[in-house]
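Dropping work.txt in here (compact mmCIF, C-alpha atoms and all ligand atoms):
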```
# COMPACT_ATOMS: atom_id res chain seq x y z
CA MET A 1191 7.48 -23.05 4.63
CA PRO A 1192 9.22 -22.27 7.95
CA ALA A 1193 9.64 -18.57 8.71
CA SER A 1194 13.43 -18.80 8.77
CA SER A 1195 13.65 -19.70 5.07
CA SER A 1196 11.35 -16.88 3.97
CA VAL A 1197 12.49 -13.99 6.15
CA LYS A 1198 15.44 -12.29 4.53
CA ARG A 1199 17.50 -9.48 5.92
CA ASN A 1200 17.63 -6.66 3.43
CA PRO A 1201 20.47 -6.82 0.85
CA ALA A 1202 22.50 -4.07 2.54
CA ASP A 1203 22.72 -6.26 5.61
CA SER A 1204 25.05 -9.02 4.42
CA ALA A 1205 28.21 -6.88 4.15
CA ALA A 1206 27.56 -5.17 7.44
CA ALA A 1207 26.88 -8.39 9.31
CA LYS A 1208 30.62 -9.17 9.52
CA THR A 1209 31.40 -6.11 11.62
CA SER A 1210 28.18 -5.79 13.55
CA ARG A 1211 26.64 -9.18 14.11
CA GLY A 1212 22.85 -9.17 14.12
CA ALA A 1213 22.47 -5.45 13.33
CA ILE A 1214 19.66 -4.54 10.95
CA ARG A 1215 20.73 -2.23 8.16
CA CYS A 1216 18.88 0.47 6.21
CA ARG A 1217 17.84 -0.92 2.82
CA PHE A 1218 18.82 2.38 1.15
CA CYS A 1219 21.99 3.69 2.82
CA GLY A 1220 23.22 0.67 4.81
CA ALA A 1221 23.42 2.49 8.20
CA ALA A 1222 22.41 0.55 11.34
CA LEU A 1223 18.65 0.74 11.99
CA ASP A 1224 18.31 1.35 15.72
CA HIS A 1225 15.19 3.53 16.03
CA GLU A 1226 12.16 1.33 16.56
CA ILE A 1227 8.99 3.41 16.06
CA ILE A 1228 6.45 0.72 16.98
CA ASP A 1229 6.23 -3.05 17.40
CA LEU A 1230 2.88 -4.35 16.08
CA GLY A 1231 3.55 -7.96 17.05
CA THR A 1232 3.59 -10.75 14.47
CA THR A 1233 1.22 -11.22 11.52
CA PRO A 1234 0.87 -13.49 8.50
CA LEU A 1235 1.30 -11.97 5.01
CA CYS A 1236 -1.74 -9.73 4.67
CA GLU A 1237 -2.89 -10.87 1.22
CA ASN A 1238 -2.28 -14.54 1.90
CA LEU A 1239 -5.99 -15.37 2.07
CA ARG A 1240 -6.91 -18.91 3.03
CA ARG A 1241 -9.80 -20.96 1.76
CA GLN A 1242 -12.54 -21.44 4.32
CA GLU A 1243 -12.39 -25.20 3.87
CA THR A 1244 -8.70 -25.49 4.94
CA PRO A 1245 -8.75 -24.07 8.47
CA ASP A 1246 -6.02 -26.44 9.67
CA ALA A 1247 -3.30 -25.45 7.18
CA ALA A 1248 -0.29 -23.79 8.86
CA GLU A 1249 0.24 -20.06 8.41
CA THR A 1250 3.63 -18.33 8.51
CA TYR A 1251 3.93 -15.31 10.78
CA TYR A 1252 6.49 -12.51 10.50
CA PRO A 1253 7.50 -9.84 13.03
CA LEU A 1254 6.01 -6.43 12.17
CA ARG A 1255 8.33 -3.74 13.50
CA LEU A 1256 8.50 -0.25 12.03
CA MET A 1257 11.99 1.25 12.10
CA ARG A 1258 13.52 4.56 11.03
CA CYS A 1259 17.01 5.17 9.71
CA ARG A 1260 18.47 8.11 11.60
CA SER A 1261 21.06 8.54 8.89
CA CYS A 1262 18.89 8.97 5.71
CA GLY A 1263 15.42 9.32 7.30
CA LEU A 1264 13.91 6.30 5.50
CA THR A 1265 11.17 4.55 7.51
CA GLN A 1266 11.01 0.80 6.83
CA LEU A 1267 10.30 -2.64 8.25
CA SER A 1268 12.96 -4.56 10.15
CA VAL A 1269 12.66 -7.73 8.02
CA SER A 1270 11.69 -8.51 4.43
CA ALA A 1271 9.28 -11.29 3.62
CA ASP A 1272 10.13 -13.00 0.32
CA PRO A 1273 8.53 -11.04 -2.58
CA GLN A 1274 8.20 -14.26 -4.62
CA GLU A 1275 5.90 -15.51 -1.89
CA ILE A 1276 3.92 -12.27 -1.69
CA PHE A 1277 3.40 -11.18 -5.26
CA ARG A 1278 3.07 -14.28 -7.47
CA GLU A 1279 -0.67 -14.59 -6.92
CA TYR A 1280 -2.10 -11.24 -5.91
CA PRO A 1281 -5.78 -11.03 -4.96
CA TYR A 1282 -6.02 -7.31 -5.66
CA PHE A 1283 -7.58 -6.35 -8.98
CA SER A 1284 -7.30 -2.57 -9.36
CA SER A 1285 -10.36 -2.41 -11.60
CA VAL A 1286 -12.63 -3.62 -8.74
CA SER A 1287 -12.53 -0.15 -7.15
CA SER A 1288 -14.53 2.29 -9.29
CA SER A 1289 -12.90 5.29 -7.60
CA TRP A 1290 -9.41 3.94 -8.40
CA VAL A 1291 -10.26 3.43 -12.09
CA ALA A 1292 -11.58 7.02 -12.26
CA HIS A 1293 -8.36 8.18 -10.57
CA ALA A 1294 -6.27 6.41 -13.26
CA LYS A 1295 -8.34 7.88 -16.09
CA GLN A 1296 -7.87 11.41 -14.75
CA LEU A 1297 -4.12 10.90 -14.44
CA VAL A 1298 -3.90 9.69 -18.06
CA GLN A 1299 -5.92 12.69 -19.26
CA SER A 1300 -3.71 15.16 -17.39
CA MET A 1301 -0.49 13.54 -18.66
CA ASP A 1302 -1.90 13.43 -22.20
CA ALA A 1303 -2.55 17.18 -21.99
CA ARG A 1304 1.01 17.77 -20.81
CA LEU A 1305 3.01 15.31 -22.93
CA SER A 1306 0.72 14.40 -25.92
CA LEU A 1307 0.85 10.64 -25.48
CA ASN A 1308 -0.19 9.71 -29.05
CA GLY A 1309 2.58 7.53 -30.54
CA LYS A 1310 4.75 7.74 -27.38
CA VAL A 1311 5.92 4.86 -25.21
CA VAL A 1312 4.13 4.59 -21.85
CA ILE A 1313 5.41 1.96 -19.41
CA GLU A 1314 3.76 1.16 -16.10
CA VAL A 1315 5.51 -0.78 -13.35
CA ALA A 1316 3.02 -2.85 -11.32
CA SER A 1317 0.44 -2.40 -14.06
CA ASN A 1318 -1.98 -4.81 -12.33
CA ASP A 1319 -4.97 -5.68 -14.55
CA GLY A 1320 -4.35 -2.82 -16.99
CA TYR A 1321 -6.63 -0.38 -15.08
CA LEU A 1322 -4.45 2.59 -16.20
CA LEU A 1323 -2.75 1.48 -19.42
CA LYS A 1324 -6.09 0.79 -21.10
CA HIS A 1325 -6.76 4.54 -20.94
CA ALA A 1326 -3.26 5.37 -22.25
CA LYS A 1327 -3.88 2.98 -25.13
CA VAL A 1328 -7.09 4.84 -26.02
CA ALA A 1329 -5.00 8.04 -26.09
CA GLY A 1330 -2.84 6.42 -28.80
CA ALA A 1331 0.21 5.55 -26.68
CA ARG A 1332 2.34 2.41 -27.22
CA VAL A 1333 1.82 0.76 -23.83
CA LEU A 1334 3.75 -1.87 -21.91
CA GLY A 1335 2.97 -3.23 -18.46
CA ILE A 1336 5.37 -4.83 -15.97
CA GLU A 1337 3.45 -7.01 -13.51
CA PRO A 1338 4.92 -10.01 -11.66
CA ALA A 1339 1.58 -11.32 -10.34
CA LEU A 1340 0.55 -13.82 -13.03
CA ASN A 1341 -3.18 -13.81 -12.33
CA VAL A 1342 -3.65 -10.04 -12.69
CA ALA A 1343 -1.16 -9.81 -15.60
CA SER A 1344 -3.22 -12.31 -17.60
CA VAL A 1345 -6.31 -10.10 -17.24
CA ALA A 1346 -4.32 -7.17 -18.70
CA ARG A 1347 -3.13 -9.34 -21.62
CA SER A 1348 -6.72 -10.32 -22.39
CA LEU A 1349 -7.40 -6.57 -22.86
CA GLY A 1350 -4.60 -6.45 -25.46
CA ILE A 1351 -2.07 -4.82 -23.11
CA GLU A 1352 1.37 -6.36 -23.55
CA THR A 1353 2.58 -7.26 -20.06
CA ILE A 1354 5.91 -8.66 -18.83
CA SER A 1355 5.71 -10.74 -15.65
CA LYS A 1356 9.02 -9.94 -13.97
CA PHE A 1357 10.34 -7.97 -10.97
CA LEU A 1358 11.97 -4.75 -12.19
CA ASP A 1359 15.71 -4.32 -11.70
CA ALA A 1360 18.53 -2.83 -13.80
CA ALA A 1361 18.96 -5.96 -15.98
CA VAL A 1362 15.23 -6.30 -16.72
CA ALA A 1363 15.13 -2.56 -17.56
CA ASP A 1364 17.96 -2.99 -20.11
CA GLU A 1365 16.10 -5.85 -21.81
CA ILE A 1366 12.90 -3.80 -22.02
CA VAL A 1367 14.61 -0.72 -23.45
CA ASP A 1368 16.28 -2.93 -26.13
CA GLN A 1369 12.95 -4.39 -27.19
CA HIS A 1370 10.46 -1.57 -26.66
CA GLY A 1371 12.43 1.69 -26.34
CA SER A 1372 12.50 3.95 -23.29
CA ALA A 1373 9.42 5.54 -21.73
CA SER A 1374 8.25 9.10 -22.40
CA TRP A 1375 5.96 8.52 -19.43
CA LEU A 1376 6.94 5.99 -16.83
CA VAL A 1377 4.31 5.24 -14.19
CA ALA A 1378 4.97 3.69 -10.78
CA ASN A 1379 1.75 3.91 -8.74
CA ASN A 1380 1.86 2.38 -5.27
CA VAL A 1381 4.76 0.06 -6.00
CA ILE A 1382 8.01 1.60 -4.71
CA ALA A 1383 7.01 0.83 -1.12
CA HIS A 1384 6.60 -2.82 -2.17
CA VAL A 1385 10.16 -3.50 -3.33
CA PRO A 1386 12.72 -5.10 -1.03
CA ASP A 1387 15.71 -4.16 -3.23
CA LEU A 1388 15.02 -0.42 -3.33
CA ASN A 1389 18.28 0.59 -5.04
CA GLY A 1390 17.98 -2.11 -7.74
CA PHE A 1391 14.40 -1.04 -8.47
CA VAL A 1392 15.14 2.70 -8.69
CA SER A 1393 18.13 2.03 -10.91
CA GLY A 1394 15.72 0.09 -13.18
CA LEU A 1395 13.39 3.13 -13.26
CA GLU A 1396 16.28 5.39 -14.24
CA LYS A 1397 17.18 3.10 -17.16
CA LEU A 1398 13.57 2.80 -18.39
CA LEU A 1399 13.03 6.57 -18.50
CA ALA A 1400 13.68 8.40 -21.80
CA GLN A 1401 16.13 11.31 -21.57
CA ASP A 1402 13.26 13.83 -21.79
CA GLY A 1403 10.69 11.51 -20.13
CA VAL A 1404 8.60 12.06 -17.01
CA LEU A 1405 8.39 9.55 -14.16
CA THR A 1406 5.32 9.72 -11.92
CA ILE A 1407 5.40 7.90 -8.61
CA GLU A 1408 2.44 7.61 -6.23
CA ILE A 1409 3.11 6.67 -2.64
CA PRO A 1410 1.13 6.75 0.59
CA HIS A 1411 2.56 9.77 2.46
CA LEU A 1412 4.34 9.01 5.74
CA MET A 1413 3.16 12.32 7.18
CA GLN A 1414 -0.51 11.27 6.69
CA LEU A 1415 0.19 7.81 8.11
CA LEU A 1416 1.54 9.41 11.28
CA ALA A 1417 -1.00 12.25 11.52
CA ASN A 1418 -4.00 9.94 11.03
CA ARG A 1419 -2.73 6.92 12.98
CA GLN A 1420 -2.95 4.71 9.87
CA PHE A 1421 -0.95 1.95 11.50
CA ASP A 1422 -2.87 -0.73 9.60
CA THR A 1423 -1.17 0.39 6.37
CA ILE A 1424 2.01 -1.05 7.89
CA TYR A 1425 2.31 -4.61 6.59
CA HIS A 1426 4.88 -6.93 5.07
CA GLU A 1427 3.99 -6.05 1.49
CA HIS A 1428 5.05 -2.45 2.30
CA TYR A 1429 8.76 -2.52 3.03
CA CYS A 1430 9.22 1.30 3.06
CA TYR A 1431 7.13 4.33 4.19
CA PHE A 1432 8.19 7.49 2.37
CA SER A 1433 8.30 11.16 3.17
CA LEU A 1434 8.95 13.44 0.19
CA ALA A 1435 12.36 14.20 1.70
CA ALA A 1436 13.37 10.53 1.92
CA LEU A 1437 12.11 9.73 -1.59
CA THR A 1438 13.94 12.75 -3.02
CA ARG A 1439 17.20 11.46 -1.50
CA VAL A 1440 16.67 7.95 -2.92
CA LEU A 1441 15.91 9.23 -6.43
CA ALA A 1442 18.81 11.72 -6.40
CA GLN A 1443 21.23 8.90 -5.62
CA HIS A 1444 20.16 7.34 -8.95
CA GLY A 1445 20.33 10.47 -11.12
CA LEU A 1446 16.64 11.37 -10.87
CA GLU A 1447 15.30 14.72 -9.70
CA VAL A 1448 11.89 15.51 -8.20
CA PHE A 1449 10.51 18.59 -9.98
CA ASP A 1450 6.86 18.69 -8.86
CA VAL A 1451 4.55 17.10 -6.30
CA GLU A 1452 0.80 16.92 -5.64
CA GLU A 1453 -1.08 15.72 -2.57
CA LEU A 1454 -3.86 13.19 -3.25
CA LYS A 1455 -6.67 11.79 -1.13
CA SER A 1456 -6.14 8.19 -2.30
CA HIS A 1457 -5.08 5.50 0.19
CA GLY A 1458 -5.64 7.81 3.17
CA GLY A 1459 -3.33 10.53 1.81
CA SER A 1460 -0.79 9.99 -0.95
CA LEU A 1461 1.77 11.94 -2.93
CA ARG A 1462 2.13 12.04 -6.68
CA VAL A 1463 5.75 12.87 -7.31
CA TYR A 1464 6.98 13.98 -10.74
CA ALA A 1465 10.62 13.24 -11.51
CA ALA A 1466 12.96 13.41 -14.49
CA HIS A 1467 16.62 12.81 -15.21
CA THR A 1468 18.54 15.41 -13.20
CA GLY A 1469 18.30 18.81 -14.91
CA GLN A 1470 15.54 17.69 -17.34
CA ALA A 1471 12.38 18.95 -15.57
CA ALA A 1472 9.40 18.99 -17.98
CA TRP A 1473 7.89 22.01 -16.18
CA ASP A 1474 8.62 24.13 -13.10
CA GLY A 1475 6.93 22.77 -9.99
CA SER A 1476 9.79 23.67 -7.65
CA ARG A 1477 7.57 25.85 -5.45
CA ASN A 1478 5.30 22.88 -4.67
CA VAL A 1479 8.31 20.75 -3.81
CA ALA A 1480 9.89 23.37 -1.53
CA ALA A 1481 6.58 24.05 0.24
CA LEU A 1482 5.90 20.40 1.03
CA LEU A 1483 9.47 19.75 2.20
CA ALA A 1484 9.07 22.72 4.58
CA ARG A 1485 5.76 21.32 5.90
CA GLU A 1486 7.35 17.94 6.52
CA ARG A 1487 10.07 19.63 8.59
CA GLU A 1488 7.51 21.68 10.53
CA PHE A 1489 5.46 18.55 11.20
CA GLY A 1490 8.58 17.09 12.82
CA LEU A 1491 9.43 14.20 10.48
CA GLU A 1492 13.07 14.60 11.44
CA ASP A 1493 12.37 14.59 15.21
CA ASP A 1494 11.92 11.58 17.50
CA TRP A 1495 8.96 12.99 19.48
CA VAL A 1496 6.60 12.72 16.46
CA TYR A 1497 7.23 8.99 16.27
CA ASP A 1498 6.85 8.55 20.05
CA GLN A 1499 3.49 10.36 19.93
CA PHE A 1500 2.36 8.16 17.01
CA ALA A 1501 3.17 4.98 18.96
CA ALA A 1502 1.24 6.23 22.03
CA ASP A 1503 -1.79 7.17 19.87
CA VAL A 1504 -1.77 3.83 18.07
CA ASN A 1505 -1.66 1.90 21.32
CA ASP A 1506 -4.68 3.93 22.48
CA THR A 1507 -6.62 2.97 19.28
CA ARG A 1508 -5.64 -0.69 19.74
CA ARG A 1509 -7.10 -0.75 23.27
CA LYS A 1510 -10.30 1.12 22.35
CA LEU A 1511 -11.24 -1.04 19.35
CA LEU A 1512 -10.72 -4.25 21.31
CA SER A 1513 -12.76 -3.05 24.27
CA PHE A 1514 -15.56 -1.80 21.96
CA LEU A 1515 -15.94 -5.28 20.44
CA LEU A 1516 -15.74 -7.01 23.84
CA ASN A 1517 -18.51 -4.75 25.16
CA LEU A 1518 -20.73 -5.41 22.11
CA GLN A 1519 -20.45 -9.10 22.77
CA GLU A 1520 -21.26 -8.67 26.46
CA ASP A 1521 -24.36 -6.67 25.43
CA GLY A 1522 -25.51 -9.36 22.96
CA LYS A 1523 -25.13 -7.09 19.90
CA THR A 1524 -24.08 -8.35 16.46
CA VAL A 1525 -21.30 -6.99 14.28
CA ALA A 1526 -19.96 -7.64 10.77
CA GLY A 1527 -17.04 -6.14 8.87
CA TYR A 1528 -17.08 -4.32 5.54
CA GLY A 1529 -14.07 -4.90 3.31
CA ALA A 1530 -11.20 -7.37 3.52
CA PRO A 1531 -8.28 -5.18 2.47
CA GLY A 1532 -4.69 -6.18 3.21
CA LYS A 1533 -4.61 -3.65 6.02
CA ALA A 1534 -7.33 -5.52 7.93
CA THR A 1535 -4.76 -8.23 8.75
CA THR A 1536 -2.57 -5.71 10.57
CA LEU A 1537 -5.47 -3.92 12.27
CA LEU A 1538 -7.01 -7.12 13.61
CA HIS A 1539 -3.73 -8.72 14.73
CA ALA A 1540 -2.41 -5.54 16.34
CA CYS A 1541 -5.68 -5.21 18.31
CA GLY A 1542 -5.99 -8.91 19.20
CA ILE A 1543 -9.24 -9.49 17.23
CA ASP A 1544 -10.23 -12.75 15.54
CA LYS A 1545 -13.42 -14.54 14.50
CA HIS A 1546 -14.61 -14.79 18.12
CA LEU A 1547 -15.13 -11.02 18.16
CA LEU A 1548 -15.78 -10.38 14.45
CA PRO A 1549 -17.21 -13.54 12.85
CA TRP A 1550 -17.44 -12.32 9.26
CA THR A 1551 -16.86 -9.48 6.83
CA VAL A 1552 -17.87 -8.80 3.22
CA ASP A 1553 -15.97 -7.72 0.11
CA ARG A 1554 -17.00 -6.82 -3.45
CA ASN A 1555 -13.92 -8.61 -4.78
CA THR A 1556 -15.30 -12.03 -5.81
CA TYR A 1557 -11.75 -13.42 -5.65
CA LYS A 1558 -11.72 -12.86 -1.88
CA GLN A 1559 -15.19 -14.23 -1.16
CA GLY A 1560 -15.16 -17.72 0.35
CA HIS A 1561 -11.73 -17.04 1.92
CA ALA A 1562 -10.84 -15.88 5.42
CA ILE A 1563 -8.73 -12.92 6.56
CA PRO A 1564 -5.24 -14.38 7.24
CA GLY A 1565 -4.64 -15.61 10.77
CA THR A 1566 -8.09 -14.66 12.08
CA GLY A 1567 -10.63 -17.17 10.70
CA ILE A 1568 -12.87 -14.20 9.82
CA GLU A 1569 -15.00 -15.29 6.83
CA ILE A 1570 -15.24 -13.08 3.74
CA ARG A 1571 -18.77 -13.09 2.30
CA LYS A 1572 -20.71 -11.27 -0.44
CA PRO A 1573 -21.89 -7.69 0.39
CA ASP A 1574 -25.56 -8.82 0.17
CA GLU A 1575 -25.07 -10.81 3.37
CA ILE A 1576 -25.16 -7.55 5.36
CA LEU A 1577 -28.68 -6.84 4.06
CA LYS A 1578 -29.76 -10.39 4.88
CA GLU A 1579 -28.22 -10.68 8.37
CA GLN A 1580 -28.84 -7.05 9.43
CA PRO A 1581 -26.06 -6.73 12.03
CA ASP A 1582 -26.30 -4.00 14.70
CA PHE A 1583 -22.88 -2.64 13.74
CA VAL A 1584 -20.81 -2.64 10.53
CA LEU A 1585 -17.09 -2.14 11.16
CA ILE A 1586 -15.57 -0.59 8.02
CA LEU A 1587 -12.19 -2.27 7.59
CA ALA A 1588 -11.64 -0.53 4.21
CA TRP A 1589 -11.89 2.88 5.94
CA ASN A 1590 -10.28 4.71 2.99
CA LEU A 1591 -13.46 3.88 1.00
CA ALA A 1592 -15.82 4.74 3.89
CA ARG A 1593 -17.75 7.36 1.93
CA GLU A 1594 -18.31 5.02 -1.05
CA ILE A 1595 -19.34 2.18 1.31
CA THR A 1596 -21.76 4.13 3.50
CA GLN A 1597 -23.50 5.46 0.35
CA GLN A 1598 -23.76 2.01 -1.27
CA MET A 1599 -25.02 0.47 1.98
CA LYS A 1600 -27.47 3.19 3.02
CA ALA A 1601 -30.02 0.42 3.70
CA VAL A 1602 -28.16 -0.38 6.95
CA GLU A 1603 -29.94 2.62 8.52
CA SER A 1604 -33.34 0.99 7.82
CA TRP A 1605 -32.89 -1.53 10.66
CA GLY A 1606 -31.08 0.93 12.92
CA GLY A 1607 -27.62 -0.45 12.06
CA ARG A 1608 -24.61 1.82 12.68
CA PHE A 1609 -21.31 2.11 10.82
CA VAL A 1610 -18.08 2.11 12.80
CA ILE A 1611 -14.78 3.48 11.49
CA PRO A 1612 -11.67 2.30 13.37
CA ILE A 1613 -9.06 4.78 12.05
CA PRO A 1614 -7.79 7.39 13.03
CA GLN A 1615 -9.86 6.71 16.12
CA LEU A 1616 -12.92 4.64 16.86
CA THR A 1617 -15.93 6.57 15.47
CA ILE A 1618 -19.55 5.39 15.48
CA LEU A 1619 -21.47 7.09 12.66
ZN ZN B 1 19.33 4.89 5.68
```

Can I see the file as structure tokens?
Ligand SMILES: [Zn+2]
Amino acid sequence: MPASSSVKRNPADSAAAKTSRGAIRCRFCGAALDHEIIDLGTTPLCENLRRQETPDAAETYYPLRLMRCRSCGLTQLSVSADPQEIFREYPYFSSVSSSWVAHAKQLVQSMDARLSLNGKVVIEVASNDGYLLKHAKVAGARVLGIEPALNVASVARSLGIETISKFLDAAVADEIVDQHGSASWLVANNVIAHVPDLNGFVSGLEKLLAQDGVLTIEIPHLMQLLANRQFDTIYHEHYCYFSLAALTRVLAQHGLEVFDVEELKSHGGSLRVYAAHTGQAAWDGSRNVAALLAREREFGLEDDWVYDQFAADVNDTRRKLLSFLLNLQEDGKTVAGYGAPGKATTLLHACGIDKHLLPWTVDRNTYKQGHAIPGTGIEIRKPDEILKEQPDFVLILAWNLAREITQQMKAVESWGGRFVIPIPQLTIL
């Protein structure tokens, strides 16, 4: 498919286009987006893995520019790739990561203690393979998943978790409430950044939530992305990059109020935000909310210099990783990757790295094995291959799981192999 038919301006853009031809508009408030934070070049869709045996098939590339709305503070991409193309077949099975399954179980236990889930309706948006709802079901809740990716949704159904394969918007929310009732606990983990029609999606959340229900949203935190130079978490599947302040404004516009927040270590630093219908807080977490909003202001999220510094730091990391791999090759050393997460596509493209500098990587996800990282030709093999080939260096592309990986692969030390972590800056362990 040619890029022009798949790249869509965000919905707020069409009305504005008449008065300001070519201007890009904020997907939340519609103001002109004129602050470019960084241009990472062009990349294919990061989860669009290709089979090794079809190296000549064309790949579609999209510009990857991070912008910030000076009017509402929402950080976002300049263009939207078509979600139908991205999310129909999704090679990410949440249950593959043992730490993520444990994370989901803990969340269910803590919400069960707070809300007594037995007999209540629990709905999860982007429920993936049922990694979370299976625990809610054990707690006695009536569970429903919403998951557009057909392959992962069918795994959830095989576990007995009713799952609707649609993209959430206001109309879909009305249908669900008619058939299943509204949610006492509505879960939206790592999904709100993935929706191109932000206002339609949040209005769907508002409709799904029972009057006294609690909505939990997990998002990677923009402040951590900037502080730790996590530029590889910028990719086309993530349309928006939220601060607590920006998310609070979006929810408030749709009658939802943030009443508590926690900081999490997942995905390089995330927030778990608790929201309810305005004025219906289930408990008082206002101190946590006020404290984090103050820290975001102190960090400088509302000032341009923070974004300029981020861009300079990222460009430094890009240069250093490329020159490290060039030098290894000059010295006749071998290197393999560990992990083939979506973010590897951004990291490798932004740094100018392909199979000539990193011939192969490994991943525990059997679905990814036998494919190549989009646009790079870098083969994805089974983790055992590292033990067999004994490379001099192992570049951890899934750096957020670095601790888990270095423990599982302790054997690398036995032949003098070294682990390398690319983010926040090149570190040789
Ligand atoms: Zn805006």

Atom-to-atom span, atom CA of Asp1493 of chain A and atom CA of Asn1389 of chain A, Å: 25.3 Å

Distance criterion (all atoms listed in the file): nearest to ligand ZN 1 (chain B) out of A:Gln1266, A:Cys1236, A:Arg1509, A:Ser1348: A:Gln1266

Nearest to ligand ZN 1 (chain B) by atom-to-atom distance, counting only C-alpha atoms and all ligand atoms, from A:His1293, A:His1428, A:Arg1439, A:His1325: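 Smallest separation from ligand ZN 1 (chain B) among the options: A:Arg1439.
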
Can you check which parts of chain A lie within 12 Å of ligand ZN 1 (chain B)? Per residue, the shortest pair of atoms and distance in Å to one decimal, counting all atoms listed in the file, sorted by chain and number, as a Markdown table.
```
| residue | atom | partner | partner_atom | distance |
| --- | --- | --- | --- | --- |
| A:Asn1200 | CA | B:ZN1 | ZN | 11.9 |
| A:Ala1202 | CA | B:ZN1 | ZN | 10.0 |
| A:Asp1203 | CA | B:ZN1 | ZN | 11.7 |
| A:Ile1214 | CA | B:ZN1 | ZN | 10.8 |
| A:Arg1215 | CA | B:ZN1 | ZN | 7.7 |
| A:Cys1216 | CA | B:ZN1 | ZN | 4.5 |
| A:Arg1217 | CA | B:ZN1 | ZN | 6.6 |
| A:Phe1218 | CA | B:ZN1 | ZN | 5.2 |
| A:Cys1219 | CA | B:ZN1 | ZN | 4.1 |
| A:Gly1220 | CA | B:ZN1 | ZN | 5.8 |
| A:Ala1221 | CA | B:ZN1 | ZN | 5.4 |
| A:Ala1222 | CA | B:ZN1 | ZN | 7.8 |
| A:Leu1223 | CA | B:ZN1 | ZN | 7.6 |
| A:Asp1224 | CA | B:ZN1 | ZN | 10.7 |
| A:His1225 | CA | B:ZN1 | ZN | 11.2 |
| A:Met1257 | CA | B:ZN1 | ZN | 10.4 |
| A:Arg1258 | CA | B:ZN1 | ZN | 7.9 |
| A:Cys1259 | CA | B:ZN1 | ZN | 4.7 |
| A:Arg1260 | CA | B:ZN1 | ZN | 6.8 |
| A:Ser1261 | CA | B:ZN1 | ZN | 5.2 |
| A:Cys1262 | CA | B:ZN1 | ZN | 4.1 |
| A:Gly1263 | CA | B:ZN1 | ZN | 6.1 |
| A:Leu1264 | CA | B:ZN1 | ZN | 5.6 |
| A:Thr1265 | CA | B:ZN1 | ZN | 8.4 |
| A:Gln1266 | CA | B:ZN1 | ZN | 9.3 |
| A:Leu1388 | CA | B:ZN1 | ZN | 11.3 |
| A:Asn1389 | CA | B:ZN1 | ZN | 11.6 |
| A:Cys1430 | CA | B:ZN1 | ZN | 11.0 |
| A:Phe1432 | CA | B:ZN1 | ZN | 11.9 |
| A:Ala1436 | CA | B:ZN1 | ZN | 9.0 |
| A:Leu1437 | CA | B:ZN1 | ZN | 11.3 |
| A:Arg1439 | CA | B:ZN1 | ZN | 10.0 |
| A:Val1440 | CA | B:ZN1 | ZN | 9.5 |
```

Using only C-alpha atoms: which of A:His1370, A:Lys1397, A:Lys1356, A:Arg1608 has the shortest distance to Ala1526 of chain A: A:Arg1608

Non-local contacts of Asp1422 of chain A (12 Å; all atoms listed in the file; under 3 positions in same chain excluded) as an NGL selection string: :A and (1228 or 1230 or 1233 or 1236 or 1254 or 1256 or 1415-1416 or 1418-1419 or 1425-1428 or 1457-1458 or 1504 or 1507-1508 or 1531-1541 or 1587-1590 or 1612-1614)

Near-Ser1317 of chain A list (6 Å; all atoms listed in the file; drop same-chain fewer than 3 positions) as a list in words: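 Here the qualifying residues turn out to be Glu1314, Gly1320, Gly1335, Ile1336 and Glu1337 of chain A.
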
Nearest residue to Ala1363 of chain A from the set A:Thr1596, A:Asn1238, A:Ser1393, A:Asn1318 (distances using only C-alpha atoms): A:Ser1393
